[in-house]
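Participant: Would you mind keeping the following structure in view while I ask a few things?
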2 protein chains.
Amino acid sequence: MSDYIKNKMTLEAVAKRAGVSTATVSRVLNNLEIVKESTRRRVLQAVEELNYYPNLHARSLAGGRTNSLGVIVSNICNPFFVDVFVGMEAAARQRDYEVLVEHTNYSPAELISGVRSMIGRRVAGLALIVSEMDDDVMTEIANSSIPAVFYDVGFPGSNITNIRVRYEVGMQRMVQYLFALGHRKMAFLGHHASLAPLEIRKNTFIDAVGRFGSKVEYRTVLNTDHPNGAMQAVQELFSSGFRPTAIVCVNDYMAIGALRAVRALGMSVPDDISITGFDNIEFTEFTYPPLTTVNIPRRHIGEIAVDALLRDAQGREIFIEPELVLRDSTGPFQAR
Amino acid sequence: MSDYIKNKMTLEAVAKRAGVSTATVSRVLNNLEIVKESTRRRVLQAVEELNYYPNLHARSLAGGRTNSLGVIVSNICNPFFVDVFVGMEAAARQRDYEVLVEHTNYSPAELISGVRSMIGRRVAGLALIVSEMDDDVMTEIANSSIPAVFYDVGFPGSNITNIRVRYEVGMQRMVQYLFALGHRKMAFLGHHASLAPLEIRKNTFIDAVGRFGSKVEYRTVLNTDHPNGAMQAVQELFSSGFRPTAIVCVNDYMAIGALRAVRALGMSVPDDISITGFDNIEFTEFTYPPLTTVNIPRRHIGEIAVDALLRDAQGREIFIEPELVLRDSTGPFQAR
DNA sequence: TTGAAAGCGCTACCAC
DNA sequence: GTGGTAGCGCTTTCAA
């Protein structure tokens, strides 16, 4: 077997072998225009025989477009992000797009290089599902004029769509619910990276409890976005002397750690203490006890994002209404 | 501001603005050779002013190489795969490579299109961490002469490295351990997609219990690779009348579902029944009770894969020795 | 229905 | 040190 044939995986090689021009090969490969069935068959056969795979880089260069979308997430170990990605992928696939992922590990530097890499790849659209945010990045994206969608951060721009969850609403409902259960000492367990602007989420909690004036005592603790971070936070919390009867976690990923931490401290959930999450990731059904949380339609968000990216839809703002999911990790406050 | 400047993000535009040739711009962008500091600065400034991002497609086309690696996984919702990916990414980043993910959802068709897409992108190396496998795919990869590494499937080839976990070893240890605890009625809970060749993993279990001759009674159930699949499987198992005192799950992802299912059936773990997983994913520390499992160094596997891909290392076979991780989901058999 | 050829934006080699 | 320029493999007019 000739080396030439083995290595030269190009349109031209295929064309030569099929006895046609490269233009024709290109046409059949893209089911473009009308190609006589007989030549079409010849081409396809040549493709097969030569073991030919079109060079996608050449394709996008010549075509001036790509069929890839990009998504950048903060922490791919958090199932929340994976679900959004899966939703995006499904929606993208339907329209013959692929989606490239990148994760920042909450590092602004990696965010920047991720964005640059995506722009370099000339993605047709870019979704940012990140907590950290950098003004320069925002500017770069706005300037790049590539369609973008931000989840929960940033502001709409001419090429930017915003998807925002009414986190405050979810939080208020949660706090209200706990209040109704008799809880008067609550704690918020968050992570450092929660949205740059002054720990928005923490403040959301503070606002929510604030509505009850001095009837509710509270404390907040922050740690890294990981079950282990949550465990540490819980220890910190209790060693501070404050004894909440309910812990509201910024997300499920951390709530899972909190569940374990309080158990390790000899408390039982929900008899001694109630614990809540946020996001309603799959695992929350499988924790013990199953976690009370707030549902965020993650897959759906992924689909919405793709939609926004691939349509004209720009400068829009899309709101998601979260809803409480009551399970067994919360219960009435019981005086001891 | 001229449209020209705004839209024409090309090397040439930068060159023109900096008053140099494209060759020079290329040099500074790649920190190649020696470029006079003053011109270098001018170029960089032009880059900044023009908001220029090199077109990566053009780059790989011209350069004849890419700095991307690919990885294809079966089910990105299973944290096992995410961890391998994270390991790969870290290792790749160190060498200035990026890694592209694709997931097949256990579908051979998607496997094929994934592989093609990766080849089309001319990845420098391709890792397959999948359960399903197709001979044609194997052939295609072998023919493509692109360096590849397979996890637990396929056979070494001139451009292929194999990473295999000695699953049998892990399984034997687990069964032995359970036997030592007094268990004589065990069940294996697996998933359909477990390695094409006749449910290898299930057979591994059967071999392991087989060593005890008729001293151990067993049953096997299969379902989809998901905690919900596991729940169904457990129900099926018990409604079959067989009452195992220990359930060995093919992986942690399913074990999590099994844990919940037996709880729903009113049994307590490990008093009434022992449950084990495989992989030692992060969540196993946070289940209740914490899961006894077998550790597989997932991140490390990712690193090994990148190593194999980027080195000469071909046609090799790398073995991973699994080790038992004893936690609280297993206990001695207690006659009732 | 098909072919010829001009790029797409960049790298790399060869001059100067 | 720097510039000129021939491709890389493909798409896409424009003709035929």
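Please note that chains go A, B, ... in the order of the structure tokens, that every chain numbers its residues from 1, and that ligands are numbered from 1 in the order shown.
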Report as a PyMOL selection string: the residues of region 137-302 of chain A with a DSSP assignment of helix (DSSP H, G or I), based on the backbone of this structure.

Facilitator: chain A and resi 137-144+167-180+200-210+213-215+227-239+252-264+282-285+298-302

Participant: Taking the backbone alone, and naming residues the way the document does, which bits of region 178-284 of chain B are strand (DSSP E) by DSSP, as a PyMOL selection string?

Facilitator: chain B and resi 185-191+217-223+246-249+274-276

Participant: Within 9 Å of chain C, which residues belong to chain B? Use only C-alpha atoms (C1' of nucleotides) and report them as a list of chain:residue names.

Facilitator: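 In the required form, that comes to B:Thr10, B:Leu11, B:Glu12, B:Thr22, B:Ala23, B:Ser26, B:Pro54, B:Asn55, B:Leu56, B:His57, B:Ala58, B:Arg59, B:Ser60, B:Leu61, B:Ala62, B:Gly63, B:Gly64.
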
Participant: Pick out the chain D residues within 12 Å of chain A. Count only C-alpha atoms (C1' of nucleotides). Give them as a PyMOL selection string.

Facilitator: chain D and resi 8-13

Participant: Export N, CA and C atoms (P, O5', C5', C4', C3', O3' and C1' of nucleotides) of the chosen residues as a compact mmCIF listing (two decimals), in the first residue's frame?

Facilitator:
```txt
# COMPACT_ATOMS: atom_id res chain seq x y z
P DC D 8 0.45 22.07 0.34
O5' DC D 8 -0.31 22.18 1.73
C5' DC D 8 0.33 21.93 2.96
C4' DC D 8 -0.66 22.21 4.06
C3' DC D 8 -2.05 21.71 3.73
O3' DC D 8 -2.26 20.47 4.40
C1' DC D 8 -2.08 23.98 4.61
P DG D 9 -2.79 19.23 3.56
O5' DG D 9 -4.36 19.50 3.53
C5' DG D 9 -5.07 19.60 4.75
C4' DG D 9 -6.46 20.12 4.50
C3' DG D 9 -7.24 19.36 3.42
O3' DG D 9 -8.56 19.16 3.91
C1' DG D 9 -7.21 21.66 2.92
P DC D 10 -9.65 18.43 3.07
O5' DC D 10 -10.65 19.63 2.77
C5' DC D 10 -11.39 20.17 3.84
C4' DC D 10 -11.85 21.57 3.52
C3' DC D 10 -13.01 21.65 2.55
O3' DC D 10 -14.21 21.90 3.28
C1' DC D 10 -11.33 23.31 2.10
P DT D 11 -15.62 21.85 2.53
O5' DT D 11 -15.82 23.36 2.07
C5' DT D 11 -15.94 24.37 3.07
C4' DT D 11 -16.12 25.71 2.41
C3' DT D 11 -17.40 25.85 1.59
O3' DT D 11 -17.87 27.18 1.81
C1' DT D 11 -15.54 26.32 0.23
P DT D 12 -19.36 27.58 1.47
O5' DT D 12 -19.18 28.60 0.27
C5' DT D 12 -18.04 29.47 0.26
C4' DT D 12 -17.89 30.07 -1.11
C3' DT D 12 -19.16 30.07 -1.96
O3' DT D 12 -19.22 31.30 -2.65
C1' DT D 12 -17.43 29.03 -3.14
P DT D 13 -20.61 31.99 -2.99
O5' DT D 13 -20.92 31.49 -4.46
C5' DT D 13 -21.12 32.44 -5.48
C4' DT D 13 -19.80 33.10 -5.90
C3' DT D 13 -19.85 33.51 -7.36
O3' DT D 13 -19.37 34.84 -7.56
C1' DT D 13 -18.08 31.92 -7.03
```

Participant: Considering only C-alpha atoms, give me a table of residues in chain B that are at most 8 Å from chain A, with the closest atom pair and distance in Å for each, as JSON lines.

Facilitator:
```
{"residue": "B:Asn51", "atom": "CA", "partner": "A:Ser144", "partner_atom": "CA", "distance": 7.6}
{"residue": "B:Tyr53", "atom": "CA", "partner": "A:Gly120", "partner_atom": "CA", "distance": 5.7}
{"residue": "B:Pro54", "atom": "CA", "partner": "A:Gly120", "partner_atom": "CA", "distance": 5.6}
{"residue": "B:Asn55", "atom": "CA", "partner": "A:Gly120", "partner_atom": "CA", "distance": 4.9}
{"residue": "B:Leu56", "atom": "CA", "partner": "A:Gly120", "partner_atom": "CA", "distance": 5.1}
{"residue": "B:His57", "atom": "CA", "partner": "A:His57", "partner_atom": "CA", "distance": 4.6}
{"residue": "B:Ala58", "atom": "CA", "partner": "A:Leu61", "partner_atom": "CA", "distance": 6.1}
{"residue": "B:Ser60", "atom": "CA", "partner": "A:His57", "partner_atom": "CA", "distance": 7.0}
{"residue": "B:Leu61", "atom": "CA", "partner": "A:Ala58", "partner_atom": "CA", "distance": 6.1}
{"residue": "B:Ile76", "atom": "CA", "partner": "A:Val82", "partner_atom": "CA", "distance": 7.3}
{"residue": "B:Cys77", "atom": "CA", "partner": "A:Val82", "partner_atom": "CA", "distance": 6.6}
{"residue": "B:Pro79", "atom": "CA", "partner": "A:Cys77", "partner_atom": "CA", "distance": 7.3}
{"residue": "B:Val82", "atom": "CA", "partner": "A:Cys77", "partner_atom": "CA", "distance": 6.6}
{"residue": "B:Asp83", "atom": "CA", "partner": "A:Cys77", "partner_atom": "CA", "distance": 7.4}
{"residue": "B:Leu100", "atom": "CA", "partner": "A:Leu100", "partner_atom": "CA", "distance": 6.6}
{"residue": "B:Val101", "atom": "CA", "partner": "A:Leu100", "partner_atom": "CA", "distance": 7.2}
{"residue": "B:Arg116", "atom": "CA", "partner": "A:Tyr53", "partner_atom": "CA", "distance": 7.0}
{"residue": "B:Ile119", "atom": "CA", "partner": "A:Tyr53", "partner_atom": "CA", "distance": 6.9}
{"residue": "B:Gly120", "atom": "CA", "partner": "A:Asn55", "partner_atom": "CA", "distance": 4.9}
{"residue": "B:Arg121", "atom": "CA", "partner": "A:Leu56", "partner_atom": "CA", "distance": 5.3}
{"residue": "B:Arg122", "atom": "CA", "partner": "A:Asn55", "partner_atom": "CA", "distance": 7.0}
{"residue": "B:Glu140", "atom": "CA", "partner": "A:Asn51", "partner_atom": "CA", "distance": 7.9}
{"residue": "B:Asn143", "atom": "CA", "partner": "A:Asn51", "partner_atom": "CA", "distance": 7.8}
{"residue": "B:Ser144", "atom": "CA", "partner": "A:Asn51", "partner_atom": "CA", "distance": 7.7}
{"residue": "B:Ile256", "atom": "CA", "partner": "A:Phe286", "partner_atom": "CA", "distance": 6.6}
{"residue": "B:Gly257", "atom": "CA", "partner": "A:Phe286", "partner_atom": "CA", "distance": 6.6}
{"residue": "B:Arg260", "atom": "CA", "partner": "A:Phe286", "partner_atom": "CA", "distance": 6.1}
{"residue": "B:Phe286", "atom": "CA", "partner": "A:Arg260", "partner_atom": "CA", "distance": 6.0}
{"residue": "B:Thr287", "atom": "CA", "partner": "A:Thr287", "partner_atom": "CA", "distance": 6.1}
{"residue": "B:Tyr288", "atom": "CA", "partner": "A:Tyr288", "partner_atom": "CA", "distance": 5.8}
```

Participant: Please measure the separation of CA of Val306 (chain B) and CA of Gly70 (chain B), giving the value in Å to one decimal.

Facilitator: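 Rounded to one decimal, the two atoms are 9.7 Å apart.
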